[in-house]
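Asks: Before we start, here is the structure in question, set down as structure tokens.
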Amino acid sequence: MKKIMLIILMILSLMISCQNSADNKITKEKTSTNKIVNVGIYVYDYPFGYLSNGNIGGFDYDLMNEISKISKLEINFIPMKFEKLIPALESEKIDIIIAGMTITDERKKYINFSDKYYTSRQAVLVKKDNDTINTEEDLIGKQVGVIKYAVADTIISQKEGINIKRFGASGSIILSLKTGNIDAAIFDKVTCDHYLLYDKDIKIVESIQYPEEDYAIAFRKKDNILLNEINNALAQIMTNGFHDKLIEKHLGTN
């Protein structure tokens, strides 16, 4: 009888040990998963994101790095084309999007947004000698370049009769504009201002005005804990002077 009881106790002890081992493994996996956050970043939208000698830079890059310091999150940047960001987020290839992304009602159906970190608006670029485009109606029948799936794409797609040419990078659109392959380009005004600093052959059509829009960081609907962590860090950045330094560093000459 004693031998039977001893065997039973040994079996129970072994089962508990195995369970504890499994629990520890799950805990480690969860910790590891939560610790490293994959950040999808769009690097063809200077000055918000860009590549220089293979290194990522820009307003969004510096902002996200500061957020990671405050929130104690280890982040891994993954450069992506703009149109691939939301599908990658939904398929869990990335955990966060930072890409000068505008908060829209349509996007909010599928993803959540942080608090805003910048406000801008869209603007129309044309060649310096173009005097035929002065209103949005003048874009009808014209070739207009936009970043694929960006807000400019959404805005201009609502107007019938405009020939839309979609690109993956703003630099490619500017080249097409200068070579006459398109008649106009639409970007956020910060990007337009940047190109105007270095290229005197193009101009903004000031008579075409679009509403202001807020930029924010995007998350999956279920990731509310991560969203709150980022918002807490972002709130500090917006009030401790770091955000002002980012404005001065990346946007001060615009």
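Labels used: A, B, ... for chains in the order of the structure tokens, numbers from 1 for residues in each chain, and numbers from 1 for ligands as shown.
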Tell me which protein, DNA and RNA residues are within 10 Å of Val37 of chain A, counting only C-alpha atoms, leaving out same-chain ones fewer than 5 positions away, and put them as a compact mmCIF listing (two decimals) with N, CA and C atoms, in the first residue's frame.
Replies:
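So part_14.txt came out as:
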```
# COMPACT_ATOMS: atom_id res chain seq x y z
N SER A 32 8.44 38.00 -24.28
CA SER A 32 9.24 38.28 -25.48
C SER A 32 8.40 38.94 -26.55
N SER A 68 9.67 54.92 -27.51
CA SER A 68 10.19 53.63 -27.02
C SER A 68 11.02 53.81 -25.74
N LEU A 73 9.69 50.12 -24.37
CA LEU A 73 9.43 49.11 -25.40
C LEU A 73 10.63 48.99 -26.32
N GLU A 74 10.98 47.76 -26.66
CA GLU A 74 12.04 47.54 -27.64
C GLU A 74 11.38 47.48 -29.02
N ILE A 75 11.83 48.33 -29.92
CA ILE A 75 11.16 48.41 -31.22
C ILE A 75 12.08 47.98 -32.35
N ASN A 76 11.46 47.49 -33.40
CA ASN A 76 12.16 47.05 -34.59
C ASN A 76 11.49 47.69 -35.80
N PHE A 77 12.19 48.61 -36.47
CA PHE A 77 11.61 49.30 -37.61
C PHE A 77 11.64 48.42 -38.86
N ILE A 94 3.43 43.40 -38.67
CA ILE A 94 3.90 44.54 -37.87
C ILE A 94 2.87 44.80 -36.77
N ASP A 95 3.28 45.57 -35.75
CA ASP A 95 2.40 45.84 -34.61
C ASP A 95 1.92 47.29 -34.56
N ILE A 96 2.66 48.18 -35.23
CA ILE A 96 2.38 49.62 -35.19
C ILE A 96 2.69 50.19 -36.57
N LEU A 226 -1.26 48.23 -25.78
CA LEU A 226 -0.15 48.87 -26.49
C LEU A 226 -0.52 50.31 -26.88
```
Asks: At a cut-off of 12 Å, using only C-alpha atoms, what residues contact Asp105 of chain A? Leave out same-chain residues fewer than 3 positions from it and give the result as a PyMOL selection string.
Replies: chain A and resi 102+108-113+151+154+213-214
Asks: Just list the residues in segment 25-252 of chain A DSSP gives strand (DSSP E) on the backbone, as a PyMOL selection string.
Replies: chain A and resi 36-41+44-45+49-52+55-57+74-79+96-98+111-113+118-127+143-147+163-167+184-188+202-204+212-215+218-220
Asks: Report as number ranges by chain all protein, DNA and RNA residues lying within 12 Å of segment 156-161 of chain A, evaluated on only C-alpha atoms, omitting residues in the same chain fewer than 5 positions from it.
Replies: A: 122-124, 136-151, 166, 184-187, 210
Asks: Could you save the residues just selected, with N, CA and C atoms, as an mmCIF file, in the first residue's frame?
Replies:
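See selection-v4.cif below for the written result:
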```
data_model
loop_
_atom_site.group_PDB
_atom_site.id
_atom_site.type_symbol
_atom_site.label_atom_id
_atom_site.label_comp_id
_atom_site.auth_asym_id
_atom_site.auth_seq_id
_atom_site.Cartn_x
_atom_site.Cartn_y
_atom_site.Cartn_z
ATOM 1 N N GLN A 122 -3.375 68.724 -47.305
ATOM 2 C CA GLN A 122 -2.873 68.394 -48.630
ATOM 3 C C GLN A 122 -2.673 69.665 -49.449
ATOM 4 N N ALA A 123 -1.767 69.593 -50.423
ATOM 5 C CA ALA A 123 -1.518 70.727 -51.309
ATOM 6 C C ALA A 123 -1.225 70.211 -52.710
ATOM 7 N N VAL A 124 -1.482 71.053 -53.696
ATOM 8 C CA VAL A 124 -1.275 70.688 -55.103
ATOM 9 C C VAL A 124 0.006 71.340 -55.619
ATOM 10 N N GLU A 136 -9.676 73.095 -58.192
ATOM 11 C CA GLU A 136 -9.730 71.634 -58.269
ATOM 12 C C GLU A 136 -10.408 71.182 -59.567
ATOM 13 N N GLU A 137 -11.331 71.973 -60.057
ATOM 14 C CA GLU A 137 -12.006 71.653 -61.317
ATOM 15 C C GLU A 137 -11.015 71.628 -62.483
ATOM 16 N N ASP A 138 -9.964 72.413 -62.386
ATOM 17 C CA ASP A 138 -8.960 72.459 -63.457
ATOM 18 C C ASP A 138 -8.160 71.160 -63.552
ATOM 19 N N LEU A 139 -8.273 70.290 -62.528
ATOM 20 C CA LEU A 139 -7.565 69.005 -62.557
ATOM 21 C C LEU A 139 -8.286 67.976 -63.419
ATOM 22 N N ILE A 140 -9.546 68.259 -63.756
ATOM 23 C CA ILE A 140 -10.316 67.323 -64.588
ATOM 24 C C ILE A 140 -9.674 67.233 -65.971
ATOM 25 N N GLY A 141 -9.450 65.999 -66.404
ATOM 26 C CA GLY A 141 -8.792 65.762 -67.685
ATOM 27 C C GLY A 141 -7.277 65.767 -67.608
ATOM 28 N N LYS A 142 -6.736 66.090 -66.424
ATOM 29 C CA LYS A 142 -5.289 66.157 -66.241
ATOM 30 C C LYS A 142 -4.753 64.864 -65.614
ATOM 31 N N GLN A 143 -3.456 64.655 -65.762
ATOM 32 C CA GLN A 143 -2.764 63.555 -65.109
ATOM 33 C C GLN A 143 -2.276 64.033 -63.742
ATOM 34 N N VAL A 144 -2.762 63.398 -62.665
ATOM 35 C CA VAL A 144 -2.425 63.833 -61.310
ATOM 36 C C VAL A 144 -1.752 62.691 -60.550
ATOM 37 N N GLY A 145 -0.572 62.962 -60.006
ATOM 38 C CA GLY A 145 0.187 61.948 -59.276
ATOM 39 C C GLY A 145 -0.069 61.990 -57.785
ATOM 40 N N VAL A 146 -0.260 60.809 -57.193
ATOM 41 C CA VAL A 146 -0.471 60.688 -55.741
ATOM 42 C C VAL A 146 0.238 59.435 -55.235
ATOM 43 N N ILE A 147 0.467 59.388 -53.918
ATOM 44 C CA ILE A 147 0.954 58.172 -53.284
ATOM 45 C C ILE A 147 -0.220 57.192 -53.176
ATOM 46 N N LYS A 148 0.006 55.973 -53.590
ATOM 47 C CA LYS A 148 -1.057 54.967 -53.597
ATOM 48 C C LYS A 148 -1.633 54.760 -52.200
ATOM 49 N N TYR A 149 -2.972 54.892 -52.091
ATOM 50 C CA TYR A 149 -3.756 54.699 -50.873
ATOM 51 C C TYR A 149 -3.555 55.785 -49.818
ATOM 52 N N ALA A 150 -2.793 56.817 -50.139
ATOM 53 C CA ALA A 150 -2.665 57.942 -49.208
ATOM 54 C C ALA A 150 -3.932 58.796 -49.280
ATOM 55 N N VAL A 151 -4.040 59.788 -48.381
ATOM 56 C CA VAL A 151 -5.236 60.622 -48.334
ATOM 57 C C VAL A 151 -5.458 61.345 -49.650
ATOM 58 N N ARG A 166 -0.771 56.551 -59.724
ATOM 59 C CA ARG A 166 -0.381 56.212 -58.359
ATOM 60 C C ARG A 166 1.076 55.755 -58.303
ATOM 61 N N ALA A 184 0.124 67.494 -62.398
ATOM 62 C CA ALA A 184 0.074 67.994 -61.022
ATOM 63 C C ALA A 184 0.365 66.853 -60.058
ATOM 64 N N ALA A 185 0.727 67.206 -58.849
ATOM 65 C CA ALA A 185 0.971 66.222 -57.785
ATOM 66 C C ALA A 185 0.285 66.710 -56.517
ATOM 67 N N ILE A 186 -0.164 65.776 -55.691
ATOM 68 C CA ILE A 186 -0.801 66.146 -54.427
ATOM 69 C C ILE A 186 -0.114 65.399 -53.281
ATOM 70 N N PHE A 187 0.408 66.164 -52.321
ATOM 71 C CA PHE A 187 1.049 65.639 -51.112
ATOM 72 C C PHE A 187 0.549 66.431 -49.910
ATOM 73 N N TYR A 210 -7.200 72.500 -49.066
ATOM 74 C CA TYR A 210 -7.854 71.315 -48.508
ATOM 75 C C TYR A 210 -7.944 71.447 -46.985
#
```
Asks: Thr119 of chain A: which residues within 8 Å, counting only C-alpha atoms, same-chain residues fewer than 2 positions away excluded, as a VMD selection string?
Replies: chain A and resid 116 to 117 121 212 to 215
Asks: Measuring atom to atom with only C-alpha atoms, identify which of A:Ile70, A:Pro47, A:Lys221, A:Leu175 is nearest to Ile247 of chain A.
Replies: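 Checking each of A:Ile70, A:Pro47, A:Lys221, A:Leu175 against Ile247 of chain A, counting only C-alpha atoms, the winner is A:Pro47.
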Asks: Which is closest to Asp223 of chain A among A:Ile36, A:Ile202, A:Ser52, A:Glu92, if we use only C-alpha atoms?
Replies: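 When distances to Asp223 of chain A are compared using only C-alpha atoms, the smallest one comes from A:Glu92.
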Asks: Restricting the calculation to only C-alpha atoms: of A:Leu63, A:Thr191, A:Ile208, A:Asn181, which residue gets closest to Lys249 of chain A?
Replies: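 With only C-alpha atoms as the atom set, the closest residue is A:Leu63.
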Asks: What's around Phe59 of chain A at 12 Å? Count only C-alpha atoms, leave out sequence neighbours fewer than 3 positions away in its own chain, and write the answer as an NGL selection string.
Replies: :A and (41-43 or 45-50 or 56 or 62-66 or 98-100 or 117-118 or 190-191 or 215 or 242-252)
Asks: Write out, as a PDB file, in the first residue's frame, the residues just selected, with C-alpha atoms.
Replies:
```pdb
ATOM      1  CA  ILE A  41       7.447  52.943 -41.211  1.00  0.00           C
ATOM      2  CA  TYR A  42       7.089  54.690 -44.560  1.00  0.00           C
ATOM      3  CA  VAL A  43      10.487  56.048 -45.598  1.00  0.00           C
ATOM      4  CA  ASP A  45       7.942  60.917 -47.363  1.00  0.00           C
ATOM      5  CA  TYR A  46      10.648  63.391 -46.385  1.00  0.00           C
ATOM      6  CA  PRO A  47      10.841  64.920 -43.795  1.00  0.00           C
ATOM      7  CA  PHE A  48       8.594  62.470 -41.895  1.00  0.00           C
ATOM      8  CA  GLY A  49      10.472  59.378 -43.028  1.00  0.00           C
ATOM      9  CA  TYR A  50      13.448  58.784 -45.314  1.00  0.00           C
ATOM     10  CA  ILE A  56      16.267  55.526 -41.463  1.00  0.00           C
ATOM     11  CA  ASP A  62      12.791  60.205 -34.036  1.00  0.00           C
ATOM     12  CA  LEU A  63       9.326  60.410 -32.492  1.00  0.00           C
ATOM     13  CA  MET A  64       8.967  56.636 -32.321  1.00  0.00           C
ATOM     14  CA  ASN A  65      12.421  56.210 -30.810  1.00  0.00           C
ATOM     15  CA  GLU A  66      11.593  58.692 -28.055  1.00  0.00           C
ATOM     16  CA  ILE A  98       3.997  55.367 -38.099  1.00  0.00           C
ATOM     17  CA  ALA A  99       3.905  56.945 -41.527  1.00  0.00           C
ATOM     18  CA  GLY A 100       2.469  60.439 -41.400  1.00  0.00           C
ATOM     19  CA  TYR A 117       1.047  64.103 -33.130  1.00  0.00           C
ATOM     20  CA  TYR A 118       0.896  66.541 -36.062  1.00  0.00           C
ATOM     21  CA  VAL A 190       5.032  69.758 -45.363  1.00  0.00           C
ATOM     22  CA  THR A 191       6.388  67.494 -48.108  1.00  0.00           C
ATOM     23  CA  TYR A 215      -1.497  62.452 -38.183  1.00  0.00           C
ATOM     24  CA  PHE A 242      10.667  67.201 -27.178  1.00  0.00           C
ATOM     25  CA  HIS A 243       7.918  67.627 -29.770  1.00  0.00           C
ATOM     26  CA  ASP A 244       8.949  71.262 -30.256  1.00  0.00           C
ATOM     27  CA  LYS A 245      12.530  70.110 -30.830  1.00  0.00           C
ATOM     28  CA  LEU A 246      11.330  67.684 -33.500  1.00  0.00           C
ATOM     29  CA  ILE A 247       9.450  70.500 -35.224  1.00  0.00           C
ATOM     30  CA  GLU A 248      12.556  72.665 -35.198  1.00  0.00           C
ATOM     31  CA  LYS A 249      14.851  69.852 -36.368  1.00  0.00           C
ATOM     32  CA  HIS A 250      12.753  68.461 -39.208  1.00  0.00           C
ATOM     33  CA  LEU A 251      10.230  71.147 -40.118  1.00  0.00           C
ATOM     34  CA  GLY A 252      11.858  74.383 -38.983  1.00  0.00           C
TER      35      GLY A 252
END
```
Asks: Segment 161-243 of chain A: which residues are helix (DSSP H, G or I) by DSSP, as an NGL selection string?
Replies: :A and (170-178 or 189-198 or 224-239 or 242-243)
Asks: Mind pulling up the distance from atom CA of Val205 of chain A to atom CA of Thr135 of chain A?
Replies: 8.3 Å
Asks: Could you give me, as a ChimeraX atom specification, the residues within 10 Å of Tyr195 of chain A, counting only C-alpha atoms and dropping anything in the same chain fewer than 2 positions from it?
Replies: /A:46-47,125,170-171,174,189-193,197-203,254
Asks: Atoms to include: all heavy atoms. Write the selected residues as a compact mmCIF listing (two decimals), in the first residue's frame.
Replies:
```
# COMPACT_ATOMS: atom_id res chain seq x y z
N TYR A 46 9.83 62.41 -47.08
CA TYR A 46 10.65 63.39 -46.38
C TYR A 46 9.80 64.64 -46.08
O TYR A 46 9.05 65.08 -46.93
CB TYR A 46 11.82 63.79 -47.29
CG TYR A 46 12.94 64.51 -46.57
CD1 TYR A 46 14.09 63.84 -46.20
CD2 TYR A 46 12.83 65.85 -46.27
CE1 TYR A 46 15.11 64.49 -45.53
CE2 TYR A 46 13.83 66.51 -45.60
CZ TYR A 46 14.98 65.83 -45.24
OH TYR A 46 15.97 66.48 -44.56
N PRO A 47 9.91 65.21 -44.88
CA PRO A 47 10.84 64.92 -43.79
C PRO A 47 10.30 63.98 -42.71
O PRO A 47 10.94 63.81 -41.68
CB PRO A 47 11.08 66.31 -43.21
CG PRO A 47 9.76 67.00 -43.37
CD PRO A 47 9.18 66.48 -44.67
N LEU A 125 0.86 70.52 -56.22
CA LEU A 125 2.10 71.00 -56.83
C LEU A 125 1.97 70.96 -58.35
O LEU A 125 1.44 69.99 -58.91
CB LEU A 125 3.27 70.12 -56.43
CG LEU A 125 4.00 70.39 -55.11
CD1 LEU A 125 5.12 69.37 -54.95
CD2 LEU A 125 4.56 71.79 -55.07
N SER A 170 7.23 59.74 -53.12
CA SER A 170 6.99 61.14 -53.53
C SER A 170 8.05 61.61 -54.52
O SER A 170 7.75 62.39 -55.43
CB SER A 170 6.97 62.05 -52.30
OG SER A 170 8.17 61.94 -51.55
N GLY A 171 9.28 61.14 -54.37
CA GLY A 171 10.34 61.53 -55.29
C GLY A 171 10.03 61.14 -56.72
O GLY A 171 10.35 61.88 -57.67
N ILE A 174 7.55 63.67 -58.15
CA ILE A 174 8.19 64.93 -58.51
C ILE A 174 8.93 64.79 -59.84
O ILE A 174 8.86 65.68 -60.71
CB ILE A 174 9.16 65.39 -57.40
CG1 ILE A 174 8.38 65.74 -56.12
CG2 ILE A 174 9.99 66.59 -57.87
CD1 ILE A 174 7.44 66.90 -56.25
N LYS A 189 1.28 69.23 -47.22
CA LYS A 189 1.95 70.50 -47.48
C LYS A 189 3.39 70.52 -46.97
O LYS A 189 4.26 71.19 -47.56
CB LYS A 189 1.17 71.66 -46.85
CG LYS A 189 1.69 73.03 -47.30
CD LYS A 189 0.83 74.15 -46.79
CE LYS A 189 1.34 75.50 -47.31
NZ LYS A 189 2.73 75.77 -46.90
N VAL A 190 3.66 69.80 -45.89
CA VAL A 190 5.03 69.76 -45.36
C VAL A 190 5.98 69.18 -46.41
O VAL A 190 7.08 69.70 -46.63
CB VAL A 190 5.09 68.93 -44.06
CG1 VAL A 190 6.53 68.76 -43.61
CG2 VAL A 190 4.28 69.60 -42.97
N THR A 191 5.56 68.10 -47.07
CA THR A 191 6.39 67.49 -48.11
C THR A 191 6.55 68.45 -49.29
O THR A 191 7.65 68.59 -49.84
CB THR A 191 5.76 66.17 -48.59
OG1 THR A 191 5.64 65.29 -47.47
CG2 THR A 191 6.62 65.50 -49.64
N CYS A 192 5.45 69.10 -49.67
CA CYS A 192 5.52 70.08 -50.75
C CYS A 192 6.52 71.18 -50.43
O CYS A 192 7.35 71.57 -51.27
CB CYS A 192 4.15 70.68 -51.01
SG CYS A 192 2.96 69.55 -51.74
N ASP A 193 6.43 71.71 -49.21
CA ASP A 193 7.33 72.79 -48.79
C ASP A 193 8.79 72.35 -48.86
O ASP A 193 9.67 73.13 -49.23
CB ASP A 193 7.00 73.24 -47.37
CG ASP A 193 5.71 74.05 -47.30
OD1 ASP A 193 5.30 74.57 -48.35
OD2 ASP A 193 5.13 74.13 -46.21
N LEU A 197 11.97 74.00 -51.31
CA LEU A 197 13.23 74.55 -50.81
C LEU A 197 14.37 74.30 -51.78
O LEU A 197 15.29 75.12 -51.90
CB LEU A 197 13.58 73.92 -49.46
CG LEU A 197 12.81 74.40 -48.23
CD1 LEU A 197 13.19 73.57 -47.03
CD2 LEU A 197 13.09 75.87 -47.97
N TYR A 198 14.32 73.17 -52.47
CA TYR A 198 15.44 72.75 -53.30
C TYR A 198 15.14 72.78 -54.79
O TYR A 198 16.05 72.59 -55.60
CB TYR A 198 15.87 71.34 -52.90
CG TYR A 198 16.19 71.22 -51.43
CD1 TYR A 198 15.27 70.67 -50.54
CD2 TYR A 198 17.39 71.68 -50.93
CE1 TYR A 198 15.55 70.57 -49.18
CE2 TYR A 198 17.69 71.59 -49.58
CZ TYR A 198 16.76 71.04 -48.71
OH TYR A 198 17.05 70.96 -47.37
N ASP A 199 13.90 73.01 -55.16
CA ASP A 199 13.52 72.96 -56.57
C ASP A 199 12.66 74.18 -56.90
O ASP A 199 11.51 74.28 -56.47
CB ASP A 199 12.75 71.67 -56.87
CG ASP A 199 12.68 71.37 -58.35
OD1 ASP A 199 12.62 72.34 -59.14
OD2 ASP A 199 12.66 70.19 -58.73
N LYS A 200 13.22 75.10 -57.65
CA LYS A 200 12.52 76.34 -57.99
C LYS A 200 11.69 76.20 -59.28
O LYS A 200 11.10 77.18 -59.74
CB LYS A 200 13.52 77.48 -58.15
CG LYS A 200 14.40 77.72 -56.93
CD LYS A 200 13.57 77.89 -55.65
CE LYS A 200 14.47 78.08 -54.43
NZ LYS A 200 13.67 78.15 -53.18
N ASP A 201 11.66 74.99 -59.84
CA ASP A 201 10.89 74.77 -61.07
C ASP A 201 9.45 74.34 -60.79
O ASP A 201 8.68 74.09 -61.72
CB ASP A 201 11.56 73.69 -61.94
CG ASP A 201 12.91 74.15 -62.46
OD1 ASP A 201 13.07 75.37 -62.69
OD2 ASP A 201 13.82 73.31 -62.62
N ILE A 202 9.08 74.22 -59.51
CA ILE A 202 7.73 73.80 -59.14
C ILE A 202 7.14 74.80 -58.14
O ILE A 202 7.87 75.59 -57.53
CB ILE A 202 7.71 72.38 -58.54
CG1 ILE A 202 8.67 72.29 -57.34
CG2 ILE A 202 8.05 71.34 -59.60
CD1 ILE A 202 8.68 70.92 -56.66
N LYS A 203 5.82 74.76 -57.98
CA LYS A 203 5.15 75.69 -57.07
C LYS A 203 3.89 75.03 -56.50
O LYS A 203 3.36 74.08 -57.07
CB LYS A 203 4.78 76.98 -57.77
CG LYS A 203 3.73 76.81 -58.87
CD LYS A 203 3.37 78.12 -59.55
CE LYS A 203 2.30 77.92 -60.63
NZ LYS A 203 1.95 79.19 -61.30
N ASN A 254 10.68 74.88 -43.09
CA ASN A 254 9.52 74.94 -43.98
C ASN A 254 8.68 76.17 -43.68
O ASN A 254 8.55 76.57 -42.54
CB ASN A 254 8.65 73.68 -43.81
CG ASN A 254 9.36 72.47 -44.39
OD1 ASN A 254 10.06 72.58 -45.39
ND2 ASN A 254 9.18 71.31 -43.76
```
